[in-house]
$ cat structure03.csv   # CSV, C-alpha atoms
chain,number,residue,atom,x,y,z
A,1,MET,CA,-43.7,3.9,-2.2
A,2,LYS,CA,-45.6,0.7,-2.9
A,3,THR,CA,-46.3,1.9,-6.4
A,4,ARG,CA,-42.6,2.6,-6.9
A,5,ILE,CA,-41.8,-0.9,-5.9
A,6,LEU,CA,-44.5,-2.2,-8.3
A,7,GLY,CA,-42.9,-0.1,-11.1
A,8,PHE,CA,-39.5,-1.5,-10.4
A,9,VAL,CA,-40.7,-5.1,-10.3
A,10,ALA,CA,-42.7,-4.5,-13.5
A,11,LEU,CA,-39.6,-3.0,-15.2
A,12,THR,CA,-37.4,-6.0,-14.2
A,13,ALA,CA,-40.1,-8.5,-15.2
A,14,VAL,CA,-40.6,-6.9,-18.7
A,15,ALA,CA,-36.8,-6.7,-19.3
A,16,ALA,CA,-36.4,-10.3,-18.2
A,17,MET,CA,-39.3,-11.7,-20.3
A,18,THR,CA,-38.1,-9.6,-23.3
A,19,GLY,CA,-34.6,-11.3,-23.0
A,20,ILE,CA,-36.2,-14.8,-22.6
A,21,GLY,CA,-38.6,-14.2,-25.5
A,22,LEU,CA,-35.8,-13.0,-27.8
A,23,PHE,CA,-32.8,-15.2,-26.7
A,24,VAL,CA,-33.7,-18.1,-24.5
A,25,VAL,CA,-36.8,-19.8,-25.9
A,26,PRO,CA,-36.0,-21.8,-29.0
A,27,ALA,CA,-37.4,-20.7,-32.4
A,28,ASP,CA,-40.6,-22.4,-33.6
A,29,LEU,CA,-40.0,-25.3,-36.0
A,30,ASN,CA,-42.5,-24.0,-38.6
A,31,GLN,CA,-42.5,-20.2,-38.0
A,32,GLY,CA,-38.9,-19.7,-37.1
A,33,ASP,CA,-37.9,-16.5,-35.2
A,34,ALA,CA,-41.1,-14.7,-36.2
A,35,GLN,CA,-43.0,-16.7,-33.7
A,36,ARG,CA,-41.2,-14.8,-30.9
A,37,ILE,CA,-43.4,-11.8,-31.7
A,38,MET,CA,-46.4,-13.8,-30.4
A,39,TYR,CA,-45.3,-13.2,-26.7
A,40,PRO,CA,-45.7,-9.4,-26.6
A,41,HIS,CA,-48.5,-9.5,-29.3
A,42,VAL,CA,-50.8,-11.8,-27.4
A,43,ALA,CA,-50.1,-10.2,-24.0
A,44,SER,CA,-50.8,-6.8,-25.4
A,45,ALA,CA,-54.1,-8.0,-26.9
A,46,TRP,CA,-55.3,-9.5,-23.6
A,47,LEU,CA,-54.4,-6.4,-21.7
A,48,ALA,CA,-56.3,-4.3,-24.2
A,49,TYR,CA,-59.4,-6.4,-23.4
A,50,LEU,CA,-58.8,-6.0,-19.7
A,51,SER,CA,-58.3,-2.2,-20.0
A,52,PHE,CA,-61.4,-1.6,-22.0
A,53,GLY,CA,-63.3,-3.9,-19.7
A,54,VAL,CA,-62.2,-1.8,-16.7
A,55,THR,CA,-63.3,1.3,-18.7
A,56,ALA,CA,-66.8,-0.1,-19.3
A,57,ILE,CA,-67.3,-1.3,-15.6
A,58,SER,CA,-66.0,2.1,-14.3
A,59,GLY,CA,-68.3,3.9,-16.7
A,60,ILE,CA,-71.3,1.9,-15.3
A,61,LEU,CA,-70.1,2.6,-11.7
A,62,TRP,CA,-69.9,6.4,-12.5
A,63,LEU,CA,-73.5,6.4,-13.9
A,64,TRP,CA,-74.6,4.5,-10.8
A,65,LYS,CA,-72.6,6.2,-8.0
A,66,ARG,CA,-71.8,9.6,-9.5
A,67,ASP,CA,-68.3,9.4,-8.1
A,68,LEU,CA,-65.7,11.1,-10.3
A,69,ARG,CA,-63.0,8.6,-9.1
A,70,PHE,CA,-64.7,6.0,-11.3
A,71,ASP,CA,-64.4,8.3,-14.3
A,72,ALA,CA,-60.6,8.7,-13.6
A,73,VAL,CA,-60.3,4.9,-13.6
A,74,ALA,CA,-62.3,4.7,-16.9
A,75,LEU,CA,-60.0,7.3,-18.5
A,76,ALA,CA,-56.9,5.4,-17.4
A,77,GLY,CA,-58.3,2.1,-18.8
A,78,ALA,CA,-59.2,3.7,-22.1
A,79,GLU,CA,-55.8,5.5,-22.7
A,80,ILE,CA,-53.8,2.4,-21.7
A,81,GLY,CA,-56.1,0.1,-23.6
A,82,VAL,CA,-55.5,2.2,-26.8
A,83,MET,CA,-51.8,1.9,-26.3
A,84,PHE,CA,-52.0,-1.9,-25.9
A,85,THR,CA,-54.3,-2.3,-28.8
A,86,ALA,CA,-51.9,-0.3,-31.0
A,87,PHE,CA,-49.1,-2.7,-29.7
A,88,ALA,CA,-51.2,-5.8,-30.5
A,89,ILE,CA,-51.9,-4.5,-34.0
A,90,TRP,CA,-48.2,-3.6,-34.6
A,91,GLY,CA,-47.0,-6.9,-33.3
A,92,GLY,CA,-49.6,-8.7,-35.5
A,93,MET,CA,-48.5,-6.9,-38.6
A,94,MET,CA,-44.8,-7.6,-37.9
A,95,TRP,CA,-45.7,-11.3,-37.5
A,96,GLY,CA,-48.2,-11.4,-40.4
A,97,ARG,CA,-45.7,-10.2,-43.1
A,98,PRO,CA,-43.2,-13.1,-42.8
A,99,ILE,CA,-45.9,-15.8,-42.0
A,100,TRP,CA,-49.0,-14.8,-44.0
A,101,GLY,CA,-47.1,-12.7,-46.7
A,102,VAL,CA,-49.2,-9.6,-45.9
A,103,PHE,CA,-49.1,-6.9,-43.1
A,104,TRP,CA,-52.9,-6.5,-43.1
A,105,GLN,CA,-56.0,-7.9,-44.7
A,106,TRP,CA,-59.3,-6.1,-44.3
A,107,GLU,CA,-61.3,-9.2,-45.1
A,108,ASP,CA,-60.1,-10.8,-41.9
A,109,PRO,CA,-62.7,-10.4,-39.1
A,110,ARG,CA,-60.2,-10.4,-36.2
A,111,LEU,CA,-58.0,-7.7,-37.8
A,112,THR,CA,-61.0,-5.5,-38.8
A,113,THR,CA,-62.8,-5.7,-35.5
A,114,THR,CA,-59.6,-4.9,-33.7
A,115,ALA,CA,-59.0,-1.9,-35.8
A,116,LEU,CA,-62.6,-0.9,-35.0
A,117,LEU,CA,-61.9,-1.4,-31.3
A,118,LEU,CA,-58.9,1.0,-31.6
A,119,ALA,CA,-61.0,3.6,-33.5
A,120,LEU,CA,-63.8,3.4,-30.9
A,121,TYR,CA,-61.6,4.1,-28.0
A,122,VAL,CA,-59.6,6.8,-29.8
A,123,GLY,CA,-63.0,8.3,-30.3
A,124,TYR,CA,-63.7,7.9,-26.6
A,125,LEU,CA,-60.6,9.9,-25.8
A,126,LEU,CA,-61.4,12.6,-28.3
A,127,LEU,CA,-65.0,12.9,-27.0
A,128,ARG,CA,-63.6,13.7,-23.6
A,129,GLN,CA,-61.9,16.8,-25.0
A,130,LEU,CA,-65.3,18.3,-26.1
A,131,THR,CA,-66.3,19.7,-22.7
A,132,ASP,CA,-64.7,21.1,-19.6
A,133,ASP,CA,-67.6,20.1,-17.3
A,134,PRO,CA,-66.3,17.0,-15.4
A,135,GLU,CA,-69.7,15.5,-14.8
A,136,ARG,CA,-71.0,16.0,-18.3
A,137,ARG,CA,-67.7,14.6,-19.7
A,138,ALA,CA,-67.9,11.6,-17.4
A,139,THR,CA,-71.5,10.8,-18.4
A,140,ARG,CA,-70.9,11.1,-22.2
A,141,ALA,CA,-67.7,9.1,-21.9
A,142,ALA,CA,-69.3,6.4,-19.8
A,143,ILE,CA,-72.0,5.8,-22.4
A,144,VAL,CA,-69.5,5.6,-25.2
A,145,GLY,CA,-67.2,3.4,-23.1
A,146,VAL,CA,-70.0,0.9,-22.3
A,147,VAL,CA,-71.3,0.8,-25.9
A,148,ALA,CA,-67.8,0.4,-27.4
A,149,ALA,CA,-67.1,-2.6,-25.0
A,150,VAL,CA,-69.7,-4.6,-27.1
A,151,ASP,CA,-66.8,-4.9,-29.6
A,152,ILE,CA,-64.6,-6.8,-27.1
A,153,PRO,CA,-66.4,-10.2,-27.3
A,154,ILE,CA,-66.8,-9.7,-31.0
A,155,VAL,CA,-63.0,-9.3,-31.4
A,156,HIS,CA,-62.4,-12.3,-29.2
A,157,PHE,CA,-64.9,-14.7,-30.8
A,158,SER,CA,-64.4,-13.4,-34.4
A,159,VAL,CA,-61.9,-16.2,-35.0
A,160,GLU,CA,-64.6,-18.8,-34.0
A,161,TRP,CA,-67.6,-17.2,-35.7
A,162,TRP,CA,-66.1,-16.3,-39.1
A,163,ARG,CA,-63.3,-17.6,-41.3
A,164,GLY,CA,-60.3,-15.5,-41.9
A,165,LEU,CA,-56.5,-15.5,-41.9
A,166,HIS,CA,-56.1,-15.3,-38.1
A,167,GLN,CA,-55.8,-18.6,-36.3
A,168,THR,CA,-58.2,-19.7,-33.5
A,169,ALA,CA,-57.1,-19.2,-29.9
A,170,THR,CA,-54.2,-21.2,-28.6
A,171,ILE,CA,-55.5,-20.9,-25.0
A,172,GLY,CA,-59.1,-20.0,-25.6
A,173,SER,CA,-60.9,-22.2,-23.0
A,174,PRO,CA,-60.1,-23.7,-19.6
A,175,ASP,CA,-59.4,-27.2,-21.1
A,176,ARG,CA,-56.9,-25.7,-23.5
A,177,VAL,CA,-54.9,-24.2,-20.6
A,178,LEU,CA,-53.9,-27.7,-19.6
A,179,ASN,CA,-53.7,-29.0,-23.1
A,180,PRO,CA,-52.7,-26.0,-25.3
A,181,ALA,CA,-52.3,-26.2,-29.0
A,182,ALA,CA,-48.6,-25.3,-28.6
A,183,PRO,CA,-45.6,-26.8,-26.7
A,184,MET,CA,-45.5,-25.9,-23.0
A,185,VAL,CA,-42.2,-24.0,-23.3
A,186,PHE,CA,-43.9,-21.5,-25.6
A,187,VAL,CA,-47.1,-21.4,-23.5
A,188,GLY,CA,-45.0,-20.8,-20.3
A,189,THR,CA,-43.1,-17.9,-22.0
A,190,LEU,CA,-46.4,-16.5,-23.2
A,191,LEU,CA,-47.8,-16.6,-19.7
A,192,GLY,CA,-44.6,-15.1,-18.3
A,193,MET,CA,-44.8,-12.2,-20.7
A,194,LEU,CA,-48.5,-11.8,-19.8
A,195,GLY,CA,-47.5,-11.6,-16.1
A,196,ALA,CA,-44.8,-9.1,-16.8
A,197,PHE,CA,-47.0,-6.9,-18.9
A,198,THR,CA,-49.8,-7.2,-16.3
A,199,LEU,CA,-47.5,-5.8,-13.7
A,200,ALA,CA,-46.6,-2.9,-16.0
A,201,TRP,CA,-50.3,-2.4,-16.7
A,202,GLY,CA,-51.1,-2.2,-13.0
A,203,TYR,CA,-48.3,0.4,-12.4
A,204,LEU,CA,-49.5,2.5,-15.4
A,205,MET,CA,-53.1,2.3,-14.3
A,206,ILE,CA,-52.3,3.6,-10.9
A,207,ARG,CA,-50.1,6.4,-12.3
A,208,ARG,CA,-52.7,7.4,-15.0
A,209,TYR,CA,-55.4,7.4,-12.3
A,210,GLN,CA,-53.3,9.7,-10.1
A,211,LEU,CA,-52.7,12.0,-13.1
A,212,ALA,CA,-56.5,12.1,-13.9
A,213,ARG,CA,-57.4,13.0,-10.3
A,214,ALA,CA,-54.7,15.8,-10.3
A,215,GLU,CA,-56.1,17.2,-13.5
A,216,VAL,CA,-59.7,17.2,-12.3
A,217,GLN,CA,-58.6,18.9,-9.1
A,218,ARG,CA,-56.8,21.5,-11.1
A,219,GLU,CA,-59.8,22.0,-13.4
A,220,GLU,CA,-62.0,22.5,-10.3
A,221,ALA,CA,-59.6,25.0,-8.8
A,222,ALA,CA,-59.5,27.0,-12.1
A,223,ARG,CA,-63.3,26.9,-12.3
A,224,LEU,CA,-63.6,28.3,-8.8
A,225,ASP,CA,-61.0,31.0,-9.6
A,226,ARG,CA,-63.1,32.0,-12.7
A,227,LEU,CA,-66.3,32.2,-10.6
A,228,MET,CA,-64.6,34.3,-7.9
A,229,SER,CA,-63.1,36.7,-10.5
A,230,ALA,CA,-66.5,37.0,-12.2
A,231,ARG,CA,-68.1,37.9,-8.8
A,232,THR,CA,-65.5,40.5,-7.9
A,233,ALA,CA,-65.8,42.0,-11.3
A,234,GLU,CA,-69.6,42.5,-11.0
A,235,PRO,CA,-70.5,46.1,-10.3
A,236,ALA,CA,-71.7,46.7,-6.8
A,237,ARG,CA,-75.5,47.2,-6.6
B,238,MET,CA,-36.5,-7.7,-44.4
B,239,THR,CA,-35.5,-10.9,-42.6
B,240,ASP,CA,-37.5,-12.6,-39.9
B,241,ALA,CA,-35.1,-11.2,-37.3
B,242,GLY,CA,-35.8,-7.7,-38.6
B,243,TYR,CA,-39.5,-8.1,-38.1
B,244,VAL,CA,-38.9,-9.5,-34.6
B,245,ILE,CA,-36.7,-6.5,-33.7
B,246,ALA,CA,-39.2,-4.1,-35.1
B,247,ALA,CA,-42.0,-5.6,-33.1
B,248,TYR,CA,-40.1,-5.7,-29.8
B,249,ALA,CA,-38.6,-2.3,-30.3
B,250,VAL,CA,-42.0,-0.6,-30.8
B,251,ILE,CA,-43.8,-2.5,-28.1
B,252,VAL,CA,-41.2,-2.5,-25.3
B,253,GLY,CA,-39.9,0.9,-26.4
B,254,GLY,CA,-43.4,2.3,-26.6
B,255,LEU,CA,-44.2,0.9,-23.1
B,256,ALA,CA,-41.0,2.6,-21.7
B,257,LEU,CA,-41.8,5.9,-23.6
B,258,TYR,CA,-45.4,6.0,-22.3
B,259,THR,CA,-44.2,5.3,-18.7
B,260,PHE,CA,-41.6,8.1,-19.0
B,261,VAL,CA,-44.1,10.6,-20.4
B,262,LEU,CA,-46.7,9.7,-17.8
B,263,TRP,CA,-44.2,10.1,-15.0
B,264,ARG,CA,-43.3,13.6,-16.3
B,265,ARG,CA,-46.9,14.6,-16.7
B,266,LEU,CA,-47.7,13.5,-13.2
B,267,ARG,CA,-44.7,15.3,-11.8
B,268,ALA,CA,-45.6,18.5,-13.6
B,269,ALA,CA,-49.3,18.2,-12.4
B,270,ARG,CA,-48.1,17.7,-8.8
B,271,GLY,CA,-45.6,20.6,-9.1
B,272,ARG,CA,-48.5,22.9,-10.3
B,273,ASP,CA,-50.6,21.7,-7.3
B,274,ASP,CA,-47.7,22.5,-4.9
B,275,GLU,CA,-47.3,26.0,-6.5
B,276,ALA,CA,-51.0,26.7,-6.2
B,277,ARG,CA,-50.9,25.9,-2.4

$ encode --input "structure03.csv" --output "structure tokens"
Amino acid sequence: MKTRILGFVALTAVAAMTGIGLFVVPADLNQGDAQRIMYPHVASAWLAYLSFGVTAISGILWLWKRDLRFDAVALAGAEIGVMFTAFAIWGGMMWGRPIWGVFWQWEDPRLTTTALLLALYVGYLLLRQLTDDPERRATRAAIVGVVAAVDIPIVHFSVEWWRGLHQTATIGSPDRVLNPAAPMVFVGTLLGMLGAFTLAWGYLMIRRYQLARAEVQREEAARLDRLMSARTAEPAR
Amino acid sequence: MTDAGYVIAAYAVIVGGLALYTFVLWRRLRAARGRDDEAR
């Protein structure tokens, strides 16, 4: 019931922030309407980091505690993280074409490392399909999830470390939260969109975790069935 | 395409994708729970 309420609140918040981002906040003086894309784009990118961070921490916890519930959390984080990374890339492309003149540029470190992040976690999801053994799958996935997470700080700091098309962070450090490189009306809308997307993220994480647990229980039941059938099929000695 | 076109394309895919994923997840979860109930 509580999850349903969270889902309803998330839905309302995303709808409200979409309306505010599209129709209420004024257009940017320099970028015009294209700047409106920043709200869902930045929120998606931050939630992708959070999702993959959860996957890495849950992977470590699985390797340590050997509790399959951590693997279910890791799977939820990876799948939802892939979705938010794809949203961030799509939003960035739709913003880049009118502002930069190109959808994509491989020479840009932020764009390229983000594409790599997406590929790494799509690989993580594919790797999970290779075995039916839940424990072996969890161990392999945890190792890949932890190694792939190395790319998260590289993506984030790529704009500081290397030169490229992508601008540096608007709110990249604590002092910039109070003194951001953008008017407060834009920053407030960005934080509002981030809040709305985070509510949706929380709802989806819970539901994806529940699905992962149900799937593991079904797999276990099927495995036991197979074992029982094999035993009854054995000729009596 | 105009700026507005890019804005609509961005929001349609992101917000629409979020809604679609939520719906698909809800259906998958319902199907999985239905199978569990049948098994019991």

$ closest_atom_pairs --input "structure03.csv" --of "chain A" --to "chain B" --cutoff "8 Å" --atoms "all atoms listed in the file" --output "CSV"
residue,atom,partner,partner_atom,distance
A:Val14,CA,B:Val252,CA,8.0
A:Thr18,CA,B:Tyr248,CA,7.8
A:Gly32,CA,B:Asp240,CA,7.8
A:Asp33,CA,B:Asp240,CA,6.1
A:Ala34,CA,B:Asp240,CA,5.6
A:Arg36,CA,B:Val244,CA,6.9
A:Ile37,CA,B:Val244,CA,5.8
A:Pro40,CA,B:Ile251,CA,7.3
A:Phe87,CA,B:Ile251,CA,5.5
A:Trp90,CA,B:Ala247,CA,6.7
A:Gly91,CA,B:Ala247,CA,5.2
A:Met94,CA,B:Tyr243,CA,5.3
A:Trp95,CA,B:Tyr243,CA,7.0
A:Pro98,CA,B:Asp240,CA,6.4
A:Leu204,CA,B:Thr259,CA,6.8
A:Arg207,CA,B:Leu262,CA,7.3
A:Arg208,CA,B:Leu262,CA,7.0
A:Gln210,CA,B:Leu266,CA,7.4
A:Leu211,CA,B:Leu266,CA,5.2
A:Ala214,CA,B:Ala269,CA,6.3
A:Glu215,CA,B:Ala269,CA,7.0
A:Arg218,CA,B:Asp273,CA,7.3

$ atom_distance --input "structure03.csv" --atom1 "CA of Phe260 in chain B" --atom2 "CA of Trp201 in chain A"
13.8 Å

$ atom_distance --input "structure03.csv" --atom1 "CA of Asp225 in chain A" --atom2 "CA of Val261 in chain B"
28.6 Å

$ atom_distance --input "structure03.csv" --atom1 "CA of Tyr203 in chain A" --atom2 "CA of Pro153 in chain A"
25.7 Å

$ residues_around --input "structure03.csv" --residues "range 134-151 of chain A" --least-positions-apart "4" --cutoff "10 Å" --atoms "all atoms listed in the file" --output "ChimeraX atom specification"
/A:49,52-63,66-68,70-72,74-75,77-78,113-114,116-121,123-130,155-156,216,219-220

$ residues_around --input "structure03.csv" --residues "range 158-169 of chain A" --least-positions-apart "3" --cutoff "7 Å" --atoms "only C-alpha atoms" --output "PDB file with C-alpha atoms, keeping the file's coordinate frame"
ATOM      1  CA  ASP A 108     -60.100 -10.800 -41.900  1.00  0.00           C
ATOM      2  CA  PRO A 109     -62.700 -10.400 -39.100  1.00  0.00           C
ATOM      3  CA  ARG A 110     -60.200 -10.400 -36.200  1.00  0.00           C
ATOM      4  CA  ILE A 154     -66.800  -9.700 -31.000  1.00  0.00           C
ATOM      5  CA  VAL A 155     -63.000  -9.300 -31.400  1.00  0.00           C
ATOM      6  CA  GLY A 172     -59.100 -20.000 -25.600  1.00  0.00           C
TER       7      GLY A 172
END

$ residues_around --input "structure03.csv" --residues "Phe84 in chain A" --least-positions-apart "3" --cutoff "7 Å" --atoms "only C-alpha atoms" --output "ChimeraX atom specification"
/A:44-45,47-48,80-81,87-88

$ decode --input "structure03.csv" --residues "range 45-56 of chain A" --atoms "all heavy atoms" --output "PDB file, in the first residue's frame"
ATOM      1  N   ALA A  45      20.726  11.917 -15.576  1.00  0.00           N
ATOM      2  CA  ALA A  45      22.157  11.594 -15.424  1.00  0.00           C
ATOM      3  C   ALA A  45      22.494  11.332 -13.951  1.00  0.00           C
ATOM      4  O   ALA A  45      23.187  10.361 -13.627  1.00  0.00           O
ATOM      5  CB  ALA A  45      23.003  12.737 -15.975  1.00  0.00           C
ATOM      6  N   TRP A  46      21.968  12.178 -13.056  1.00  0.00           N
ATOM      7  CA  TRP A  46      22.250  11.984 -11.631  1.00  0.00           C
ATOM      8  C   TRP A  46      21.675  10.652 -11.135  1.00  0.00           C
ATOM      9  O   TRP A  46      22.308   9.944 -10.351  1.00  0.00           O
ATOM     10  CB  TRP A  46      21.670  13.148 -10.810  1.00  0.00           C
ATOM     11  CG  TRP A  46      22.477  14.402 -10.913  1.00  0.00           C
ATOM     12  CD1 TRP A  46      23.670  14.557 -11.562  1.00  0.00           C
ATOM     13  CD2 TRP A  46      22.165  15.682 -10.351  1.00  0.00           C
ATOM     14  NE1 TRP A  46      24.097  15.853 -11.447  1.00  0.00           N
ATOM     15  CE2 TRP A  46      23.209  16.565 -10.698  1.00  0.00           C
ATOM     16  CE3 TRP A  46      21.102  16.169  -9.588  1.00  0.00           C
ATOM     17  CZ2 TRP A  46      23.223  17.902 -10.310  1.00  0.00           C
ATOM     18  CZ3 TRP A  46      21.111  17.502  -9.195  1.00  0.00           C
ATOM     19  CH2 TRP A  46      22.164  18.355  -9.561  1.00  0.00           C
ATOM     20  N   LEU A  47      20.455  10.319 -11.598  1.00  0.00           N
ATOM     21  CA  LEU A  47      19.847   9.062 -11.143  1.00  0.00           C
ATOM     22  C   LEU A  47      20.548   7.850 -11.737  1.00  0.00           C
ATOM     23  O   LEU A  47      20.563   6.779 -11.128  1.00  0.00           O
ATOM     24  CB  LEU A  47      18.360   9.057 -11.458  1.00  0.00           C
ATOM     25  CG  LEU A  47      17.591   9.986 -10.520  1.00  0.00           C
ATOM     26  CD1 LEU A  47      16.164  10.167 -10.969  1.00  0.00           C
ATOM     27  CD2 LEU A  47      17.633   9.484  -9.081  1.00  0.00           C
ATOM     28  N   ALA A  48      21.148   8.026 -12.906  1.00  0.00           N
ATOM     29  CA  ALA A  48      21.957   6.923 -13.468  1.00  0.00           C
ATOM     30  C   ALA A  48      23.153   6.660 -12.552  1.00  0.00           C
ATOM     31  O   ALA A  48      23.451   5.504 -12.226  1.00  0.00           O
ATOM     32  CB  ALA A  48      22.421   7.284 -14.877  1.00  0.00           C
ATOM     33  N   TYR A  49      23.824   7.715 -12.116  1.00  0.00           N
ATOM     34  CA  TYR A  49      24.943   7.545 -11.167  1.00  0.00           C
ATOM     35  C   TYR A  49      24.468   6.816  -9.911  1.00  0.00           C
ATOM     36  O   TYR A  49      25.116   5.888  -9.434  1.00  0.00           O
ATOM     37  CB  TYR A  49      25.494   8.904 -10.698  1.00  0.00           C
ATOM     38  CG  TYR A  49      26.213   9.771 -11.691  1.00  0.00           C
ATOM     39  CD1 TYR A  49      26.445  11.118 -11.418  1.00  0.00           C
ATOM     40  CD2 TYR A  49      26.700   9.271 -12.891  1.00  0.00           C
ATOM     41  CE1 TYR A  49      27.126  11.944 -12.298  1.00  0.00           C
ATOM     42  CE2 TYR A  49      27.372  10.099 -13.783  1.00  0.00           C
ATOM     43  CZ  TYR A  49      27.577  11.430 -13.484  1.00  0.00           C
ATOM     44  OH  TYR A  49      28.238  12.251 -14.348  1.00  0.00           O
ATOM     45  N   LEU A  50      23.339   7.297  -9.365  1.00  0.00           N
ATOM     46  CA  LEU A  50      22.822   6.720  -8.116  1.00  0.00           C
ATOM     47  C   LEU A  50      22.504   5.230  -8.310  1.00  0.00           C
ATOM     48  O   LEU A  50      22.870   4.399  -7.476  1.00  0.00           O
ATOM     49  CB  LEU A  50      21.557   7.489  -7.681  1.00  0.00           C
ATOM     50  CG  LEU A  50      20.866   6.997  -6.412  1.00  0.00           C
ATOM     51  CD1 LEU A  50      21.765   7.162  -5.187  1.00  0.00           C
ATOM     52  CD2 LEU A  50      19.557   7.761  -6.183  1.00  0.00           C
ATOM     53  N   SER A  51      21.850   4.901  -9.425  1.00  0.00           N
ATOM     54  CA  SER A  51      21.465   3.512  -9.693  1.00  0.00           C
ATOM     55  C   SER A  51      22.694   2.610  -9.768  1.00  0.00           C
ATOM     56  O   SER A  51      22.725   1.538  -9.153  1.00  0.00           O
ATOM     57  CB  SER A  51      20.720   3.423 -11.031  1.00  0.00           C
ATOM     58  OG  SER A  51      19.628   4.284 -11.046  1.00  0.00           O
ATOM     59  N   PHE A  52      23.702   3.044 -10.522  1.00  0.00           N
ATOM     60  CA  PHE A  52      24.890   2.198 -10.686  1.00  0.00           C
ATOM     61  C   PHE A  52      25.702   2.142  -9.383  1.00  0.00           C
ATOM     62  O   PHE A  52      26.354   1.128  -9.104  1.00  0.00           O
ATOM     63  CB  PHE A  52      25.747   2.706 -11.850  1.00  0.00           C
ATOM     64  CG  PHE A  52      25.061   2.608 -13.187  1.00  0.00           C
ATOM     65  CD1 PHE A  52      25.243   3.585 -14.161  1.00  0.00           C
ATOM     66  CD2 PHE A  52      24.228   1.540 -13.490  1.00  0.00           C
ATOM     67  CE1 PHE A  52      24.611   3.502 -15.401  1.00  0.00           C
ATOM     68  CE2 PHE A  52      23.579   1.444 -14.716  1.00  0.00           C
ATOM     69  CZ  PHE A  52      23.776   2.430 -15.670  1.00  0.00           C
ATOM     70  N   GLY A  53      25.638   3.222  -8.605  1.00  0.00           N
ATOM     71  CA  GLY A  53      26.280   3.206  -7.285  1.00  0.00           C
ATOM     72  C   GLY A  53      25.623   2.155  -6.396  1.00  0.00           C
ATOM     73  O   GLY A  53      26.302   1.390  -5.704  1.00  0.00           O
ATOM     74  N   VAL A  54      24.280   2.093  -6.441  1.00  0.00           N
ATOM     75  CA  VAL A  54      23.531   1.096  -5.665  1.00  0.00           C
ATOM     76  C   VAL A  54      23.909  -0.311  -6.138  1.00  0.00           C
ATOM     77  O   VAL A  54      24.110  -1.224  -5.330  1.00  0.00           O
ATOM     78  CB  VAL A  54      22.007   1.344  -5.807  1.00  0.00           C
ATOM     79  CG1 VAL A  54      21.206   0.147  -5.313  1.00  0.00           C
ATOM     80  CG2 VAL A  54      21.603   2.595  -5.034  1.00  0.00           C
ATOM     81  N   THR A  55      24.041  -0.481  -7.459  1.00  0.00           N
ATOM     82  CA  THR A  55      24.424  -1.790  -7.999  1.00  0.00           C
ATOM     83  C   THR A  55      25.799  -2.209  -7.471  1.00  0.00           C
ATOM     84  O   THR A  55      25.986  -3.367  -7.065  1.00  0.00           O
ATOM     85  CB  THR A  55      24.445  -1.734  -9.547  1.00  0.00           C
ATOM     86  OG1 THR A  55      23.113  -1.492  -9.992  1.00  0.00           O
ATOM     87  CG2 THR A  55      24.941  -3.022 -10.163  1.00  0.00           C
ATOM     88  N   ALA A  56      26.749  -1.281  -7.477  1.00  0.00           N
ATOM     89  CA  ALA A  56      28.111  -1.609  -7.024  1.00  0.00           C
ATOM     90  C   ALA A  56      28.117  -1.958  -5.534  1.00  0.00           C
ATOM     91  O   ALA A  56      28.703  -2.966  -5.127  1.00  0.00           O
ATOM     92  CB  ALA A  56      29.043  -0.431  -7.301  1.00  0.00           C
TER      93      ALA A  56
END
